[in-house]
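Structure file input.cif with mmCIF, C-alpha atoms and all ligand atoms:
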```cif
data_work
loop_
_atom_site.group_PDB
_atom_site.id
_atom_site.type_symbol
_atom_site.label_atom_id
_atom_site.label_comp_id
_atom_site.auth_asym_id
_atom_site.auth_seq_id
_atom_site.Cartn_x
_atom_site.Cartn_y
_atom_site.Cartn_z
ATOM 1 C CA MET W 42 0.000 0.000 0.000
ATOM 2 C CA ILE W 43 2.580 2.546 -1.139
ATOM 3 C CA LEU W 44 -0.002 5.325 -1.704
ATOM 4 C CA LYS W 45 -2.076 4.696 1.436
ATOM 5 C CA GLY W 46 -3.764 7.916 2.587
ATOM 6 C CA LYS W 47 -2.279 9.926 -0.301
ATOM 7 C CA ASN W 48 -4.448 12.305 -2.333
ATOM 8 C CA ILE W 49 -3.719 11.733 -6.018
ATOM 9 C CA LEU W 50 -4.960 13.910 -8.897
ATOM 10 C CA ILE W 51 -5.342 12.225 -12.285
ATOM 11 C CA MET W 52 -5.735 14.504 -15.317
ATOM 12 C CA GLY W 53 -6.524 13.008 -18.732
ATOM 13 C CA LEU W 54 -8.865 10.052 -18.146
ATOM 14 C CA ARG W 55 -11.082 9.563 -21.232
ATOM 15 C CA ASN W 56 -12.141 5.888 -21.258
ATOM 16 C CA LYS W 57 -11.183 2.422 -20.026
ATOM 17 C CA TRP W 58 -8.336 2.210 -22.560
ATOM 18 C CA SER W 59 -6.658 5.409 -21.262
ATOM 19 C CA ILE W 60 -3.221 5.109 -19.703
ATOM 20 C CA ALA W 61 -4.739 7.314 -16.967
ATOM 21 C CA TRP W 62 -7.163 4.445 -16.257
ATOM 22 C CA GLY W 63 -4.287 1.981 -15.853
ATOM 23 C CA ALA W 64 -2.688 4.449 -13.447
ATOM 24 C CA ALA W 65 -5.965 4.887 -11.558
ATOM 25 C CA GLN W 66 -6.320 1.110 -11.083
ATOM 26 C CA SER W 67 -2.754 0.852 -9.873
ATOM 27 C CA ALA W 68 -2.990 3.824 -7.481
ATOM 28 C CA GLN W 69 -6.290 2.540 -6.091
ATOM 29 C CA GLU W 70 -4.754 -0.874 -5.397
ATOM 30 C CA GLN W 71 -2.038 0.933 -3.449
ATOM 31 C CA GLY W 72 -4.554 2.740 -1.222
ATOM 32 C CA ALA W 73 -4.719 6.211 -2.823
ATOM 33 C CA ASN W 74 -7.667 8.631 -2.599
ATOM 34 C CA LEU W 75 -8.332 9.490 -6.244
ATOM 35 C CA ILE W 76 -9.396 12.803 -7.762
ATOM 36 C CA PHE W 77 -9.987 13.141 -11.518
ATOM 37 C CA THR W 78 -10.370 15.954 -14.025
ATOM 38 C CA TYR W 79 -12.194 15.836 -17.360
ATOM 39 C CA LEU W 80 -12.169 18.197 -20.319
ATOM 40 C CA SER W 81 -15.655 18.537 -21.751
ATOM 41 C CA GLU W 82 -19.189 18.298 -20.317
ATOM 42 C CA GLU W 83 -20.233 15.739 -23.004
ATOM 43 C CA LYS W 84 -17.647 13.333 -21.563
ATOM 44 C CA ARG W 85 -18.712 13.776 -17.937
ATOM 45 C CA GLU W 86 -21.360 11.064 -17.923
ATOM 46 C CA SER W 87 -19.188 8.310 -19.438
ATOM 47 C CA ILE W 88 -16.322 9.153 -17.084
ATOM 48 C CA GLU W 89 -18.705 9.104 -14.099
ATOM 49 C CA LYS W 90 -19.770 5.603 -15.174
ATOM 50 C CA LEU W 91 -16.131 4.421 -15.175
ATOM 51 C CA LEU W 92 -15.622 5.917 -11.728
ATOM 52 C CA ASP W 93 -18.501 3.823 -10.304
ATOM 53 C CA SER W 94 -15.849 1.135 -9.765
ATOM 54 C CA ILE W 95 -13.671 3.506 -7.711
ATOM 55 C CA PRO W 96 -15.405 4.215 -4.397
ATOM 56 C CA GLY W 97 -14.914 7.795 -3.192
ATOM 57 C CA ALA W 98 -13.512 9.063 -6.497
ATOM 58 C CA ILE W 99 -14.191 12.777 -7.095
ATOM 59 C CA LEU W 100 -14.486 14.479 -10.490
ATOM 60 C CA TYR W 101 -13.767 18.120 -11.445
ATOM 61 C CA SER W 102 -13.681 19.822 -14.842
ATOM 62 C CA CYS W 103 -10.445 21.420 -16.088
ATOM 63 C CA ASP W 104 -9.351 22.600 -19.534
ATOM 64 C CA VAL W 105 -5.543 22.882 -19.257
ATOM 65 C CA SER W 106 -5.440 25.383 -22.123
ATOM 66 C CA LYS W 107 -7.181 27.863 -19.752
ATOM 67 C CA ASP W 108 -5.142 29.427 -16.928
ATOM 68 C CA ASP W 109 -8.354 30.292 -15.042
ATOM 69 C CA ASP W 110 -9.483 26.637 -15.084
ATOM 70 C CA ILE W 111 -6.153 25.495 -13.607
ATOM 71 C CA THR W 112 -6.214 28.207 -10.920
ATOM 72 C CA ARG W 113 -9.822 27.362 -10.004
ATOM 73 C CA LEU W 114 -9.090 23.606 -9.864
ATOM 74 C CA PHE W 115 -6.212 23.922 -7.406
ATOM 75 C CA GLU W 116 -8.084 26.477 -5.264
ATOM 76 C CA THR W 117 -10.927 23.947 -5.015
ATOM 77 C CA LEU W 118 -8.504 21.134 -4.178
ATOM 78 C CA LYS W 119 -6.917 23.268 -1.445
ATOM 79 C CA LYS W 120 -10.360 23.923 0.043
ATOM 80 C CA ASP W 121 -11.664 20.331 -0.292
ATOM 81 C CA TYR W 122 -8.499 18.318 0.540
ATOM 82 C CA GLY W 123 -5.905 20.710 2.025
ATOM 83 C CA VAL W 124 -3.025 18.714 0.554
ATOM 84 C CA ILE W 125 -2.262 16.787 -2.662
ATOM 85 C CA HIS W 126 0.586 14.255 -2.813
ATOM 86 C CA GLY W 127 0.636 13.291 -6.484
ATOM 87 C CA VAL W 128 -0.416 14.591 -9.886
ATOM 88 C CA LEU W 129 -0.605 12.588 -13.116
ATOM 89 C CA HIS W 130 -0.566 14.706 -16.296
ATOM 90 C CA SER W 131 -1.795 12.353 -19.041
ATOM 91 C CA ILE W 132 -2.787 14.985 -21.589
ATOM 92 C CA ALA W 133 -1.753 15.709 -25.180
ATOM 93 C CA HIS W 134 -3.312 17.119 -28.311
ATOM 94 C CA ALA W 135 -2.276 18.050 -31.816
ATOM 95 C CA ASN W 136 -4.496 18.855 -34.796
ATOM 96 C CA THR W 137 -5.319 15.670 -36.734
ATOM 97 C CA LYS W 138 -3.981 17.100 -39.972
ATOM 98 C CA ASP W 139 -0.579 17.618 -38.362
ATOM 99 C CA LEU W 140 -0.433 13.874 -37.597
ATOM 100 C CA HIS W 141 -1.158 12.886 -41.218
ATOM 101 C CA ASN W 142 0.741 15.476 -43.224
ATOM 102 C CA ASP W 143 4.524 15.744 -43.545
ATOM 103 C CA PHE W 144 6.058 17.521 -40.515
ATOM 104 C CA VAL W 145 7.531 20.145 -42.838
ATOM 105 C CA ASN W 146 3.995 21.396 -43.524
ATOM 106 C CA THR W 147 3.158 22.081 -39.844
ATOM 107 C CA SER W 148 1.503 25.502 -39.482
ATOM 108 C CA ARG W 149 2.518 28.096 -36.888
ATOM 109 C CA ASP W 150 -0.870 27.616 -35.189
ATOM 110 C CA GLY W 151 -0.629 23.816 -35.229
ATOM 111 C CA PHE W 152 2.875 23.943 -33.753
ATOM 112 C CA ALA W 153 1.747 26.359 -31.024
ATOM 113 C CA HIS W 154 -1.407 24.322 -30.253
ATOM 114 C CA ALA W 155 0.440 21.004 -29.788
ATOM 115 C CA ASN W 156 3.082 22.596 -27.564
ATOM 116 C CA ASN W 157 0.494 24.587 -25.597
ATOM 117 C CA VAL W 158 -1.776 21.654 -24.734
ATOM 118 C CA SER W 159 0.853 18.898 -24.513
ATOM 119 C CA ALA W 160 3.898 20.630 -22.964
ATOM 120 C CA TYR W 161 3.107 24.074 -21.529
ATOM 121 C CA SER W 162 0.148 22.599 -19.633
ATOM 122 C CA LEU W 163 2.592 20.646 -17.429
ATOM 123 C CA VAL W 164 4.339 23.896 -16.493
ATOM 124 C CA ALA W 165 1.041 25.645 -15.687
ATOM 125 C CA VAL W 166 -0.248 22.649 -13.681
ATOM 126 C CA SER W 167 3.038 22.335 -11.748
ATOM 127 C CA LYS W 168 3.002 26.040 -10.866
ATOM 128 C CA ALA W 169 -0.508 25.763 -9.415
ATOM 129 C CA ALA W 170 0.090 22.341 -7.821
ATOM 130 C CA GLN W 171 3.103 23.425 -5.741
ATOM 131 C CA ASP W 172 0.859 25.449 -3.405
ATOM 132 C CA VAL W 173 -1.235 22.345 -2.602
ATOM 133 C CA MET W 174 1.700 19.871 -2.476
ATOM 134 C CA THR W 175 2.816 21.160 0.911
ATOM 135 C CA GLU W 176 4.007 17.735 2.107
ATOM 136 C CA GLY W 177 6.096 17.162 -1.042
ATOM 137 C CA GLY W 178 5.204 14.464 -3.567
ATOM 138 C CA GLY W 179 5.409 13.489 -7.199
ATOM 139 C CA ILE W 180 4.252 15.066 -10.455
ATOM 140 C CA VAL W 181 4.300 12.574 -13.343
ATOM 141 C CA THR W 182 3.694 13.087 -17.059
ATOM 142 C CA LEU W 183 3.531 10.715 -20.023
ATOM 143 C CA THR W 184 5.807 10.855 -23.033
ATOM 144 C CA TYR W 185 6.772 8.788 -26.071
ATOM 145 C CA LEU W 186 9.945 7.751 -27.908
ATOM 146 C CA GLY W 187 8.889 10.041 -30.784
ATOM 147 C CA ALA W 188 10.384 12.879 -28.671
ATOM 148 C CA GLU W 189 13.877 11.574 -29.465
ATOM 149 C CA LYS W 190 13.624 9.522 -32.653
ATOM 150 C CA VAL W 191 11.544 10.063 -35.755
ATOM 151 C CA MET W 192 8.405 7.912 -35.652
ATOM 152 C CA PRO W 193 6.078 7.867 -38.669
ATOM 153 C CA ASN W 194 3.413 10.617 -38.458
ATOM 154 C CA TYR W 195 4.249 11.568 -34.858
ATOM 155 C CA ASN W 196 5.516 14.867 -36.265
ATOM 156 C CA VAL W 197 4.652 17.925 -34.160
ATOM 157 C CA MET W 198 3.793 15.663 -31.191
ATOM 158 C CA GLY W 199 7.448 14.585 -31.187
ATOM 159 C CA VAL W 200 8.504 18.212 -30.893
ATOM 160 C CA ALA W 201 5.949 18.799 -28.129
ATOM 161 C CA LYS W 202 7.119 15.683 -26.215
ATOM 162 C CA ALA W 203 10.740 16.880 -26.507
ATOM 163 C CA ALA W 204 9.642 20.189 -24.937
ATOM 164 C CA LEU W 205 7.713 18.229 -22.295
ATOM 165 C CA GLU W 206 10.706 16.031 -21.361
ATOM 166 C CA CYS W 207 12.956 19.077 -21.085
ATOM 167 C CA SER W 208 10.300 20.871 -19.020
ATOM 168 C CA VAL W 209 10.384 17.890 -16.627
ATOM 169 C CA ARG W 210 14.101 18.570 -15.958
ATOM 170 C CA TYR W 211 13.668 22.323 -15.375
ATOM 171 C CA LEU W 212 10.579 21.789 -13.205
ATOM 172 C CA ALA W 213 12.458 19.138 -11.193
ATOM 173 C CA SER W 214 15.198 21.696 -10.573
ATOM 174 C CA ASP W 215 12.741 24.416 -9.476
ATOM 175 C CA LEU W 216 10.495 22.253 -7.278
ATOM 176 C CA GLY W 217 13.113 19.909 -5.785
ATOM 177 C CA PRO W 218 13.789 22.236 -2.810
ATOM 178 C CA LYS W 219 10.095 21.824 -1.871
ATOM 179 C CA ASN W 220 10.520 18.025 -2.060
ATOM 180 C CA ILE W 221 8.244 17.943 -5.112
ATOM 181 C CA ARG W 222 9.660 15.541 -7.709
ATOM 182 C CA VAL W 223 8.841 15.734 -11.426
ATOM 183 C CA ASN W 224 9.304 12.753 -13.737
ATOM 184 C CA ALA W 225 8.081 11.391 -17.066
ATOM 185 C CA VAL W 226 7.118 7.855 -18.061
ATOM 186 C CA SER W 227 7.859 7.028 -21.693
ATOM 187 C CA ALA W 228 5.268 4.387 -22.585
ATOM 188 C CA GLY W 229 5.571 1.953 -25.468
ATOM 189 C CA PRO W 230 2.792 2.113 -28.098
ATOM 190 C CA ILE W 231 -0.661 1.147 -26.714
ATOM 191 C CA LYS W 232 -4.003 1.141 -28.588
ATOM 192 C CA THR W 233 -5.631 3.958 -26.642
ATOM 193 C CA LEU W 234 -8.139 6.381 -28.160
ATOM 194 C CA SER W 235 -5.184 8.724 -28.818
ATOM 195 C CA ALA W 236 -3.366 6.082 -30.880
ATOM 196 C CA ARG W 237 -6.309 4.361 -32.599
ATOM 197 C CA GLY W 238 -6.333 6.537 -35.701
ATOM 198 C CA VAL W 239 -2.590 6.127 -36.298
ATOM 199 C CA LYS W 240 -1.965 4.735 -39.779
ATOM 200 C CA ASP W 241 1.098 2.602 -39.008
ATOM 201 C CA LEU W 242 0.165 1.621 -35.455
ATOM 202 C CA ASP W 243 -0.065 -2.114 -36.173
ATOM 203 C CA ARG W 244 3.366 -2.042 -37.828
ATOM 204 C CA ILE W 245 4.806 -0.183 -34.827
ATOM 205 C CA LEU W 246 3.220 -2.646 -32.365
ATOM 206 C CA GLU W 247 4.661 -5.511 -34.419
ATOM 207 C CA ALA W 248 8.138 -3.964 -34.378
ATOM 208 C CA VAL W 249 8.037 -3.978 -30.561
ATOM 209 C CA GLU W 250 7.020 -7.669 -30.543
ATOM 210 C CA THR W 251 9.949 -8.662 -32.761
ATOM 211 C CA LYS W 252 12.676 -6.265 -31.570
ATOM 212 C CA ALA W 253 12.091 -5.349 -27.919
ATOM 213 C CA PRO W 254 14.038 -7.346 -25.293
ATOM 214 C CA LEU W 255 10.763 -8.584 -23.734
ATOM 215 C CA ARG W 256 9.310 -9.468 -27.214
ATOM 216 C CA ARG W 257 5.846 -8.146 -26.311
ATOM 217 C CA ASN W 258 3.903 -4.923 -26.055
ATOM 218 C CA VAL W 259 3.074 -3.166 -22.798
ATOM 219 C CA ASP W 260 -0.378 -2.368 -21.405
ATOM 220 C CA ALA W 261 -1.746 0.662 -19.572
ATOM 221 C CA LYS W 262 -1.685 -1.104 -16.192
ATOM 222 C CA GLU W 263 2.066 -1.743 -16.230
ATOM 223 C CA VAL W 264 2.659 1.865 -17.290
ATOM 224 C CA GLY W 265 0.341 2.851 -14.421
ATOM 225 C CA ASP W 266 2.358 0.777 -11.952
ATOM 226 C CA VAL W 267 5.466 2.855 -12.728
ATOM 227 C CA VAL W 268 3.403 6.061 -12.424
ATOM 228 C CA THR W 269 2.311 4.843 -8.956
ATOM 229 C CA PHE W 270 5.939 4.137 -8.020
ATOM 230 C CA LEU W 271 6.978 7.646 -9.138
ATOM 231 C CA MET W 272 4.241 9.241 -7.002
ATOM 232 C CA SER W 273 5.154 7.165 -3.965
ATOM 233 C CA ASP W 274 7.944 7.490 -1.394
ATOM 234 C CA MET W 275 9.562 4.415 -2.975
ATOM 235 C CA SER W 276 10.991 6.788 -5.625
ATOM 236 C CA ARG W 277 11.916 9.549 -3.141
ATOM 237 C CA GLY W 278 15.421 9.879 -4.635
ATOM 238 C CA VAL W 279 14.273 10.088 -8.267
ATOM 239 C CA THR W 280 13.495 13.376 -10.040
ATOM 240 C CA GLY W 281 13.894 14.938 -13.487
ATOM 241 C CA GLU W 282 13.933 11.494 -15.129
ATOM 242 C CA VAL W 283 12.329 9.878 -18.134
ATOM 243 C CA ILE W 284 11.624 6.225 -17.270
ATOM 244 C CA TYR W 285 10.800 3.847 -20.139
ATOM 245 C CA VAL W 286 7.997 1.309 -19.849
ATOM 246 C CA ASP W 287 8.377 -0.070 -23.355
ATOM 247 C CA SER W 288 9.606 -3.697 -22.992
ATOM 248 C CA GLY W 289 13.111 -2.240 -23.439
ATOM 249 C CA TYR W 290 12.481 -1.249 -27.085
ATOM 250 C CA ASN W 291 14.360 2.068 -26.747
ATOM 251 C CA VAL W 292 17.710 0.463 -25.865
ATOM 252 C CA MET W 293 17.988 -1.519 -29.117
ATOM 253 C CA GLY W 294 20.099 -0.255 -32.034
ATOM 254 C CA ILE W 295 18.581 -2.553 -34.616
HETATM 255 C C1 LIG W 301 0.182 9.444 -32.473
HETATM 256 C C2 LIG W 301 0.392 9.958 -33.743
HETATM 257 C C3 LIG W 301 1.241 9.355 -34.647
HETATM 258 C C4 LIG W 301 1.923 8.194 -34.296
HETATM 259 C C5 LIG W 301 1.705 7.664 -33.033
HETATM 260 C C6 LIG W 301 0.840 8.293 -32.107
HETATM 261 N N1 LIG W 301 2.194 6.544 -32.412
HETATM 262 C C7 LIG W 301 1.704 6.438 -31.165
HETATM 263 C C8 LIG W 301 0.835 7.508 -30.926
HETATM 264 C C9 LIG W 301 3.120 5.612 -33.055
HETATM 265 C C10 LIG W 301 2.033 5.354 -30.200
HETATM 266 C C11 LIG W 301 0.063 7.807 -29.668
HETATM 267 N N2 LIG W 301 0.817 8.794 -28.844
HETATM 268 C C12 LIG W 301 2.042 8.334 -28.231
HETATM 269 C C13 LIG W 301 0.405 10.108 -28.647
HETATM 270 O O1 LIG W 301 1.102 10.845 -27.985
HETATM 271 C C14 LIG W 301 -0.828 10.614 -29.251
HETATM 272 C C15 LIG W 301 -1.115 11.936 -29.260
HETATM 273 C C16 LIG W 301 -2.222 12.540 -29.974
HETATM 274 C C17 LIG W 301 -3.211 11.826 -30.633
HETATM 275 C C18 LIG W 301 -4.230 12.489 -31.304
HETATM 276 C C19 LIG W 301 -5.292 11.767 -32.087
HETATM 277 C C20 LIG W 301 -6.538 12.579 -32.292
HETATM 278 C C21 LIG W 301 -6.291 14.057 -32.477
HETATM 279 N N3 LIG W 301 -5.194 14.617 -31.946
HETATM 280 C C22 LIG W 301 -4.223 13.906 -31.291
HETATM 281 N N4 LIG W 301 -3.257 14.569 -30.646
HETATM 282 C C23 LIG W 301 -2.282 13.921 -30.002
HETATM 283 O O2 LIG W 301 -7.135 14.744 -33.081
#
```
Represent the structure of the file as structure tokens.
Amino acid sequence: MILKGKNILIMGLRNKWSIAWGAAQSAQEQGANLIFTYLSEEKRESIEKLLDSIPGAILYSCDVSKDDDITRLFETLKKDYGVIHGVLHSIAHANTKDLHNDFVNTSRDGFAHANNVSAYSLVAVSKAAQDVMTEGGGIVTLTYLGAEKVMPNYNVMGVAKAALECSVRYLASDLGPKNIRVNAVSAGPIKTLSARGVKDLDRILEAVETKAPLRRNVDAKEVGDVVTFLMSDMSRGVTGEVIYVDSGYNVMGI
């Protein structure tokens, strides 16, 4: 029970395939009190249905592209809980056309949008979270190998994930003195809603099965288990890191 009595905020749950759902299951097993945010009112009902299986789970709305939403969320959390021990940032978005086109055609607006929602949002959330994380704790975000190596169609998301991973290091440096750690989990490819439309996804999943040291793909629950570890005191000496949960795929040369 490594998260027993800890208040954990999970941002970016959409459905039962979400990596955020794997993290929620894992954190719940380890005794956490779970708080969730959702983006749009149309999604509220389906997310509420999922949360029926998590007794005591609380749900707030938050659009991370709006500073006011983030401020309001953490003010509410301060009032309702007093202290938060962990935050999972499991949020990304790019315009669909920027994930189909060549990267060279990315528009100024598309570039700004992907970086705003997928990378800057971690900075804005961390800034607000520090005032509620008065006992220290862990902020965790999700990234992908496309931040470092060219993956087909990942395009502007790769650039945004590179900015996100670098933000993790600078945030770790700023918040370390408050005993707030900031880390990223680089997940292998998983068929979530965010990956379903990807043209070459099956080929990429196959490449992991043939090349990765473990010769299999990963699922959201085992990614979630590492998220839980990074929010817990078990990882108290770890900050500013990118930890891979990808069956070891990233270490292979060919
Ligand atoms: C996404 C695009 C291209 C290749 C991809 C992915 N591969 C994987 C993903 C190989 C595994 C999923 N992934 C790691 C993401 O970060 C996805 C981000 C994303 C997905 C969408 C789809 C729907 C949409 N905008 C999006 N923005 C970001 O409209």
List as a Markdown table every residue of chain W that is in contact with ligand LIG 301 (chain W), defined as an atom at most 8 Å from one of its atoms (using all atoms listed in the file), together with the nearest atom pair and the distance in Å rounded to one decimal, sorted by chain and then rising number.
```
| residue | atom | partner | partner_atom | distance |
| --- | --- | --- | --- | --- |
| W:Ala133 | CA | W:LIG301 | C23 | 5.2 |
| W:His134 | CA | W:LIG301 | N4 | 3.5 |
| W:Ala135 | CA | W:LIG301 | N4 | 3.8 |
| W:Asn136 | CA | W:LIG301 | N3 | 5.2 |
| W:Thr137 | CA | W:LIG301 | O2 | 4.2 |
| W:Lys138 | CA | W:LIG301 | O2 | 7.9 |
| W:Leu140 | CA | W:LIG301 | C2 | 5.6 |
| W:His141 | CA | W:LIG301 | C3 | 7.8 |
| W:Ala155 | CA | W:LIG301 | N4 | 7.5 |
| W:Thr184 | CA | W:LIG301 | O1 | 6.8 |
| W:Tyr185 | CA | W:LIG301 | C12 | 5.2 |
| W:Leu186 | CA | W:LIG301 | C12 | 7.9 |
| W:Gly187 | CA | W:LIG301 | C12 | 7.5 |
| W:Met192 | CA | W:LIG301 | C9 | 6.3 |
| W:Pro193 | CA | W:LIG301 | C4 | 6.0 |
| W:Asn194 | CA | W:LIG301 | C3 | 4.6 |
| W:Tyr195 | CA | W:LIG301 | C3 | 3.7 |
| W:Asn196 | CA | W:LIG301 | C3 | 7.2 |
| W:Met198 | CA | W:LIG301 | O1 | 6.4 |
| W:Lys202 | CA | W:LIG301 | O1 | 7.9 |
| W:Ala228 | CA | W:LIG301 | C12 | 7.6 |
| W:Gly229 | CA | W:LIG301 | C10 | 6.8 |
| W:Pro230 | CA | W:LIG301 | C10 | 3.9 |
| W:Ile231 | CA | W:LIG301 | C10 | 6.1 |
| W:Lys232 | CA | W:LIG301 | C10 | 7.5 |
| W:Thr233 | CA | W:LIG301 | C11 | 7.5 |
| W:Leu234 | CA | W:LIG301 | C19 | 7.2 |
| W:Ser235 | CA | W:LIG301 | C17 | 4.1 |
| W:Ala236 | CA | W:LIG301 | C11 | 4.0 |
| W:Arg237 | CA | W:LIG301 | C19 | 7.5 |
| W:Gly238 | CA | W:LIG301 | C19 | 6.4 |
| W:Val239 | CA | W:LIG301 | C3 | 5.3 |
| W:Lys240 | CA | W:LIG301 | C4 | 7.6 |
| W:Asp241 | CA | W:LIG301 | C9 | 7.0 |
| W:Leu242 | CA | W:LIG301 | C9 | 5.5 |
| W:Ile245 | CA | W:LIG301 | C9 | 6.3 |
```
Can you turn the PyMOL selection byres (((chain W and resi 55) around 10) and not hetatm) into a concrete residue list for this file, as a VMD selection string? chain W and resid 52 to 54 56 to 62 78 to 80 84 to 85 87 to 88 91 131 to 132 233 to 235
Report as a tab-separated table the residues of region 158-225 of chain W within 10 Å of region 260-270 of chain W, each with its shortest atom pair and distance in Å (one decimal), using all atoms listed in the file, ordered by chain and increasing residue number.
```
residue	atom	partner	partner_atom	distance
W:Gly179	CA	W:Val268	CA	9.3
W:Ile180	CA	W:Val268	CA	9.3
W:Val181	CA	W:Val268	CA	6.6
W:Thr182	CA	W:Val268	CA	8.4
W:Leu183	CA	W:Val268	CA	8.9
W:Asn224	CA	W:Val268	CA	9.0
W:Ala225	CA	W:Val268	CA	8.5
```
Which residues match the PyMOL selection byres (((chain W and resi 252-254) around 8) and not hetatm) in the file above, as a PyMOL selection string? chain W and resi 248-251+255-257+287-291+293+295
Distance CA of Leu92 (chain W)-CA of Arg277 (chain W), one decimal place?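 Atom-to-atom, CA of Leu92 (chain W) to CA of Arg277 (chain W), that is 29.1 Å.
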Running the PyMOL selection byres (((chain W and resi 279) around 10) and not hetatm) on this model by hand, what would come out? Give it as a VMD selection string. chain W and resid 179 213 222 to 224 271 274 to 278 280 to 282
Using only C-alpha atoms, can you tell me which of W:Asp139, W:Ala169, W:Ser94, W:Gly72 comes closest to Leu114 (chain W)?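 Of W:Asp139, W:Ala169, W:Ser94, W:Gly72, the one nearest Leu114 (chain W) is W:Ala169, counting only C-alpha atoms.
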Show me the residues close to (0.9, 3.2, -2.3) - anything with an atom within 6 Å, counting only C-alpha atoms - and format the list as an mmCIF file with C-alpha atoms, in the coordinates of the input.
```cif
data_model
loop_
_atom_site.group_PDB
_atom_site.id
_atom_site.type_symbol
_atom_site.label_atom_id
_atom_site.label_comp_id
_atom_site.auth_asym_id
_atom_site.auth_seq_id
_atom_site.Cartn_x
_atom_site.Cartn_y
_atom_site.Cartn_z
ATOM 1 C CA MET W 42 0.000 0.000 0.000
ATOM 2 C CA ILE W 43 2.580 2.546 -1.139
ATOM 3 C CA LEU W 44 -0.002 5.325 -1.704
ATOM 4 C CA LYS W 45 -2.076 4.696 1.436
ATOM 5 C CA GLN W 71 -2.038 0.933 -3.449
ATOM 6 C CA GLY W 72 -4.554 2.740 -1.222
#
```
Point (0.2, 22.4, -14.9), cut-off 12 Å, counting all atoms listed in the file, residues as a PyMOL selection string: chain W and resi 50-52+103-112+114-115+128-132+157-172+180-182+205+208-209+212+223
For region 198-205 of chain W, I'd like the enclosing box, axis-aligned and padded by 4 Å on every side, reported as lines of an AutoDock Vina configuration file with centre and edge lengths in Å to one decimal.
```
center_x = 7.3
center_y = 17.4
center_z = -26.7
size_x = 14.9
size_y = 13.6
size_z = 16.9
```
Please indicate the distance in Å from CA of Ala98 (chain W) to CA of Gln66 (chain W), rounded to one decimal place. 11.7 Å
